[in-house]
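Participant: Contents of work_0.pdb (PDB, C-alpha atoms) are given next:
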ATOM      1  CA  MET T 332       2.027   6.150  17.361
ATOM      2  CA  LEU T 333      -0.541   4.273  19.412
ATOM      3  CA  VAL T 334       1.912   3.920  22.295
ATOM      4  CA  ALA T 335       2.950   7.575  21.990
ATOM      5  CA  ALA T 336      -0.695   8.668  21.992
ATOM      6  CA  THR T 337      -1.295   6.909  25.291
ATOM      7  CA  ASP T 338       2.040   7.759  26.958
ATOM      8  CA  ASP T 339       2.981  11.214  25.654
ATOM      9  CA  ALA T 340       1.152  14.029  27.481
ATOM     10  CA  SER T 341       1.942  16.448  24.634
ATOM     11  CA  LEU T 342      -0.542  14.547  22.433
ATOM     12  CA  ALA T 343      -3.409  14.682  24.933
ATOM     13  CA  ASN T 344      -6.655  16.000  23.417
ATOM     14  CA  ARG T 345      -5.001  16.633  20.043
ATOM     15  CA  THR T 346      -5.710  15.329  16.587
ATOM     16  CA  VAL T 347      -2.532  14.845  14.595
ATOM     17  CA  ALA T 348      -1.870  13.911  10.991
ATOM     18  CA  LEU T 349      -0.172  10.560  10.470
ATOM     19  CA  THR T 350       1.764  11.008   7.260
ATOM     20  CA  GLY T 351       5.046   9.732   5.944
ATOM     21  CA  PRO T 352       8.225  11.723   5.430
ATOM     22  CA  GLU T 353       7.524  12.111   1.694
ATOM     23  CA  THR T 354       4.538  12.353  -0.634
ATOM     24  CA  LEU T 355       4.506   9.611  -3.268
ATOM     25  CA  ARG T 356       2.286   8.953  -6.255
ATOM     26  CA  PHE T 357       1.155   5.365  -6.605
ATOM     27  CA  ALA T 358       3.237   4.874  -9.762
ATOM     28  CA  GLU T 359       6.378   5.824  -7.825
ATOM     29  CA  ILE T 360       5.533   3.321  -5.095
ATOM     30  CA  VAL T 361       5.154   0.594  -7.731
ATOM     31  CA  ARG T 362       8.495   1.564  -9.305
ATOM     32  CA  ARG T 363      10.283   1.412  -5.948
ATOM     33  CA  VAL T 364       8.821  -1.991  -5.096
ATOM     34  CA  GLY T 365       9.784  -3.181  -8.590
ATOM     35  CA  ALA T 366      13.347  -1.979  -8.033
ATOM     36  CA  ALA T 367      13.429  -3.803  -4.698
ATOM     37  CA  VAL T 368      12.495  -7.131  -6.297
ATOM     38  CA  GLY T 369      14.599  -6.622  -9.429
ATOM     39  CA  ARG T 370      11.764  -5.971 -11.875
ATOM     40  CA  THR T 371      10.742  -3.052 -14.028
ATOM     41  CA  PRO T 372       6.957  -2.702 -13.841
ATOM     42  CA  ARG T 373       4.955  -1.450 -16.783
ATOM     43  CA  ILE T 374       2.459   1.145 -15.685
ATOM     44  CA  ALA T 375      -0.631   2.006 -17.692
ATOM     45  CA  ARG T 376      -3.202   4.468 -16.460
ATOM     46  CA  GLY T 377      -6.828   3.498 -16.761
ATOM     47  CA  PRO T 378     -10.221   4.943 -15.901
ATOM     48  CA  VAL T 379     -11.650   4.332 -12.435
ATOM     49  CA  TRP T 380     -14.547   2.267 -13.831
ATOM     50  CA  PHE T 381     -12.027  -0.200 -15.295
ATOM     51  CA  HIS T 382     -10.240  -0.578 -11.957
ATOM     52  CA  ARG T 383     -13.566  -1.071 -10.140
ATOM     53  CA  ALA T 384     -14.600  -3.796 -12.597
ATOM     54  CA  LEU T 385     -11.176  -5.455 -12.361
ATOM     55  CA  ALA T 386     -11.387  -5.437  -8.547
ATOM     56  CA  VAL T 387     -14.843  -7.038  -8.576
ATOM     57  CA  LEU T 388     -13.620  -9.727 -10.992
ATOM     58  CA  LEU T 389     -10.427 -10.463  -9.043
ATOM     59  CA  GLU T 390     -12.187 -10.514  -5.659
ATOM     60  CA  ALA T 391     -14.678 -13.048  -7.041
ATOM     61  CA  THR T 392     -12.147 -15.306  -8.733
ATOM     62  CA  THR T 393      -8.898 -15.259  -6.737
ATOM     63  CA  ARG T 394      -7.945 -16.149  -3.188
ATOM     64  CA  VAL T 395      -5.653 -13.113  -2.875
ATOM     65  CA  PRO T 396      -6.857 -10.457  -5.320
ATOM     66  CA  LEU T 397      -4.194  -8.243  -6.864
ATOM     67  CA  VAL T 398      -6.692  -5.371  -6.726
ATOM     68  CA  ALA T 399      -9.527  -4.947  -4.223
ATOM     69  CA  ARG T 400     -12.500  -2.582  -4.301
ATOM     70  CA  ALA T 401     -11.269  -0.873  -1.120
ATOM     71  CA  GLN T 402      -7.897  -0.194  -2.764
ATOM     72  CA  VAL T 403      -9.577   1.345  -5.806
ATOM     73  CA  ARG T 404     -11.618   3.606  -3.545
ATOM     74  CA  ILE T 405      -8.506   4.771  -1.674
ATOM     75  CA  LEU T 406      -6.719   5.494  -4.949
ATOM     76  CA  GLU T 407      -9.780   7.268  -6.323
ATOM     77  CA  GLU T 408      -9.964   9.538  -3.277
ATOM     78  CA  GLY T 409      -6.266  10.335  -3.671
ATOM     79  CA  LEU T 410      -5.827  11.547  -0.117
ATOM     80  CA  VAL T 411      -2.480  13.223   0.273
ATOM     81  CA  GLU T 412      -3.135  16.081   2.652
ATOM     82  CA  PRO T 413      -4.586  15.465   6.126
ATOM     83  CA  TRP T 414      -8.331  16.010   6.254
ATOM     84  CA  GLY T 415      -9.804  18.559   8.624
ATOM     85  CA  GLU T 416      -8.099  20.649  11.248
ATOM     86  CA  VAL T 417      -5.152  18.671  12.549
ATOM     87  CA  ASP T 418      -1.851  19.401  14.224
ATOM     88  CA  GLN T 419       1.509  18.263  12.913
ATOM     89  CA  LEU T 420       3.335  15.624  14.892
ATOM     90  CA  PRO T 421       6.092  16.848  17.192
ATOM     91  CA  ASP T 422       9.513  16.510  15.511
ATOM     92  CA  ASP T 423      10.570  13.678  17.822
ATOM     93  CA  LEU T 424       7.566  11.582  16.684
ATOM     94  CA  ALA T 425       7.522  12.487  12.987
ATOM     95  CA  PRO T 426       8.349   9.574  10.652
ATOM     96  CA  THR T 427      11.820   9.628   9.143
ATOM     97  CA  LEU T 428      12.119   6.278   7.348
ATOM     98  CA  ARG T 429      11.799   6.782   3.607
ATOM     99  CA  PHE T 430      10.188   4.270   1.263
ATOM    100  CA  THR T 431      13.330   3.141  -0.543
ATOM    101  CA  PRO T 432      13.982  -0.097  -2.445
ATOM    102  CA  ASP T 433      16.427  -1.121   0.312
ATOM    103  CA  ARG T 434      13.752  -0.600   2.965
ATOM    104  CA  VAL T 435      11.232  -2.574   0.898
ATOM    105  CA  ARG T 436      13.708  -5.479   0.591
ATOM    106  CA  GLU T 437      14.120  -5.498   4.381
ATOM    107  CA  LEU T 438      10.354  -5.880   4.812
ATOM    108  CA  LEU T 439       9.732  -8.562   2.179
ATOM    109  CA  PRO T 440       8.906 -12.042   3.459
ATOM    110  CA  ARG T 441      11.790 -14.503   3.212
ATOM    111  CA  ASP T 442       9.513 -17.047   1.491
ATOM    112  CA  ARG T 443       8.783 -15.204  -1.773
ATOM    113  CA  GLY T 444       6.500 -18.029  -2.950
ATOM    114  CA  ALA T 445       4.015 -16.970  -0.310
ATOM    115  CA  ILE T 446       3.347 -13.712  -2.158
ATOM    116  CA  GLU T 447       3.893 -14.771  -5.766
ATOM    117  CA  GLU T 448       1.175 -17.411  -6.165
ATOM    118  CA  PHE T 449      -1.940 -16.210  -7.973
ATOM    119  CA  GLY T 450      -4.584 -18.746  -6.913
ATOM    120  CA  LEU T 451      -7.951 -19.080  -8.598
ATOM    121  CA  ARG T 452     -10.872 -19.768  -6.260
ATOM    122  CA  CYS T 453     -12.258 -22.433  -8.591
ATOM    123  CA  CYS T 454      -9.046 -24.499  -8.458
ATOM    124  CA  PRO T 455      -7.788 -26.466  -5.465
ATOM    125  CA  ALA T 456      -4.806 -24.933  -3.675
ATOM    126  CA  ARG T 457      -1.419 -26.213  -4.800
ATOM    127  CA  THR T 458       0.495 -28.259  -2.306
ATOM    128  CA  ALA T 459       4.206 -28.872  -1.912
ATOM    129  CA  ALA T 460       3.766 -32.226  -3.715
ATOM    130  CA  HIS T 461       2.912 -30.495  -7.025
TER     131      HIS T 461
END
Spell out the structure here as structure tokens.

Facilitator:
Amino acid sequence: MLVAATDDASLANRTVALTGPETLRFAEIVRRVGAAVGRTPRIARGPVWFHRALAVLLEATTRVPLVARAQVRILEEGLVEPWGEVDQLPDDLAPTLRFTPDRVRELLPRDRGAIEEFGLRCCPARTAAH
């Protein structure tokens, strides 16, 4: 989109909505990622205050927090529709790739260990020798 915005004269002086080809609830995203990695996630809804507290705890204690305060804020805002007066993208620039388990698998890193380790800040990082 950045390249199109600078090269495509039809986008000059326009504000357009950058949205995907489908609207997904967060639970559906989690289910699709779970399907891509061969797992069935358990989903439990919780109040926003719980998620905020969990994010603060995880940001303070882990190198790569599973939940961050910024993520909780995005989820809390629940933005689905574009905000303000915006134009739709021209058809030739509109996204068409759907968020499918096959697409997720294509985008996963080859070294799964890089994303599976849950490291505590208070513990030294594990090395290959361990």

Participant: Please provide as a PyMOL selection string all residues within 12 Å of Glu353 (chain T), with the sequence filter that same-chain residues fewer than 2 positions apart are discarded (counting all atoms listed in the file).

Facilitator: chain T and resi 349-351+355-356+359-360+411-412+425-431

Participant: Apply the PyMOL selection byres ((chain T and resi 333) around 12) to the structure shown and report the selected residues as a compact mmCIF listing (two decimals) with C-alpha atoms, in the frame of the given file.

Facilitator:
# COMPACT_ATOMS: atom_id res chain seq x y z
CA MET T 332 2.03 6.15 17.36
CA VAL T 334 1.91 3.92 22.30
CA ALA T 335 2.95 7.58 21.99
CA ALA T 336 -0.70 8.67 21.99
CA THR T 337 -1.30 6.91 25.29
CA ASP T 338 2.04 7.76 26.96
CA ASP T 339 2.98 11.21 25.65
CA LEU T 342 -0.54 14.55 22.43
CA VAL T 347 -2.53 14.84 14.60
CA LEU T 349 -0.17 10.56 10.47
CA LEU T 424 7.57 11.58 16.68

Participant: Can you measure CA of Gly415 (chain T) to CA of Thr354 (chain T) for me? One decimal in Å is fine.

Facilitator: 18.2 Å

Participant: What does the distance from CA of Pro352 (chain T) to CA of Pro440 (chain T) come to in Å, to one decimal?

Facilitator: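 Those two atoms sit 23.9 Å apart.
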
Participant: Hey, can you check how far CA of Asp422 (chain T) sits from CA of Leu438 (chain T)?

Facilitator: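 Atom-to-atom, CA of Asp422 (chain T) to CA of Leu438 (chain T), that is 24.8 Å.
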
Participant: Considering all atoms listed in the file, can you say which of T:Arg441, T:Ile405, T:Phe381, T:Pro432 comes closest to Val364 (chain T)?

Facilitator: T:Pro432

Participant: Determine the axis-aligned bounding box of all atoms of region 411-417 of chain T present in the file, pad each side by 3 Å, and express its centre and edge lengths in Å to one decimal place as lines of an AutoDock Vina configuration file.

Facilitator:
center_x = -6.1
center_y = 16.9
center_z = 6.4
size_x = 13.3
size_y = 13.4
size_z = 18.3

Participant: Using all atoms listed in the file, find each residue of region 350-389 of chain T with at least one atom at most 10 Å away from an atom of region 401-404 of chain T; report its shortest atom-to-atom pair and that distance in Å (one decimal), sort the rows by chain and rising residue number, and return the result as a Markdown table.

Facilitator:
| residue | atom | partner | partner_atom | distance |
| --- | --- | --- | --- | --- |
| T:Val379 | CA | T:Val403 | CA | 7.6 |
| T:Trp380 | CA | T:Val403 | CA | 9.5 |
| T:Phe381 | CA | T:Val403 | CA | 9.9 |
| T:His382 | CA | T:Val403 | CA | 6.5 |
| T:Arg383 | CA | T:Val403 | CA | 6.4 |
| T:Ala384 | CA | T:Val403 | CA | 9.9 |
| T:Leu385 | CA | T:Val403 | CA | 9.6 |
| T:Ala386 | CA | T:Val403 | CA | 7.5 |

Participant: Looking at all atoms listed in the file, which of T:Phe357, T:Gly365, T:Leu389, T:Ile374 is the one that sits closest to Leu406 (chain T)?

Facilitator: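 Looking only at the distances to Leu406 (chain T), the closest residue turns out to be T:Phe357.
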
Participant: Could you please give me, as a list in words, the residues of protein, DNA or RNA lying at most 10 Å from (15.7, -1.9, -7.6) in the coordinate frame of the file, considering only C-alpha atoms?

Facilitator: Arg362, Arg363, Val364, Gly365, Ala366, Ala367, Val368, Gly369, Arg370, Thr371, Thr431, Pro432, Asp433, Val435 and Arg436 of chain T

Participant: I'd like the contact shell of Leu388 (chain T) - 12 Å cut-off, all atoms listed in the file, skipping same-chain residues fewer than 4 positions apart - returned as number ranges by chain.

Facilitator: T: 381-384, 392-400, 451-452

Participant: Store the residues of this selection in a file with C-alpha atoms, as a PDB file, in the coordinates of the input.

Facilitator:
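New file part-v8.pdb:
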ATOM      1  CA  PHE T 381     -12.027  -0.200 -15.295  1.00  0.00           C
ATOM      2  CA  HIS T 382     -10.240  -0.578 -11.957  1.00  0.00           C
ATOM      3  CA  ARG T 383     -13.566  -1.071 -10.140  1.00  0.00           C
ATOM      4  CA  ALA T 384     -14.600  -3.796 -12.597  1.00  0.00           C
ATOM      5  CA  THR T 392     -12.147 -15.306  -8.733  1.00  0.00           C
ATOM      6  CA  THR T 393      -8.898 -15.259  -6.737  1.00  0.00           C
ATOM      7  CA  ARG T 394      -7.945 -16.149  -3.188  1.00  0.00           C
ATOM      8  CA  VAL T 395      -5.653 -13.113  -2.875  1.00  0.00           C
ATOM      9  CA  PRO T 396      -6.857 -10.457  -5.320  1.00  0.00           C
ATOM     10  CA  LEU T 397      -4.194  -8.243  -6.864  1.00  0.00           C
ATOM     11  CA  VAL T 398      -6.692  -5.371  -6.726  1.00  0.00           C
ATOM     12  CA  ALA T 399      -9.527  -4.947  -4.223  1.00  0.00           C
ATOM     13  CA  ARG T 400     -12.500  -2.582  -4.301  1.00  0.00           C
ATOM     14  CA  LEU T 451      -7.951 -19.080  -8.598  1.00  0.00           C
ATOM     15  CA  ARG T 452     -10.872 -19.768  -6.260  1.00  0.00           C
TER      16      ARG T 452
END
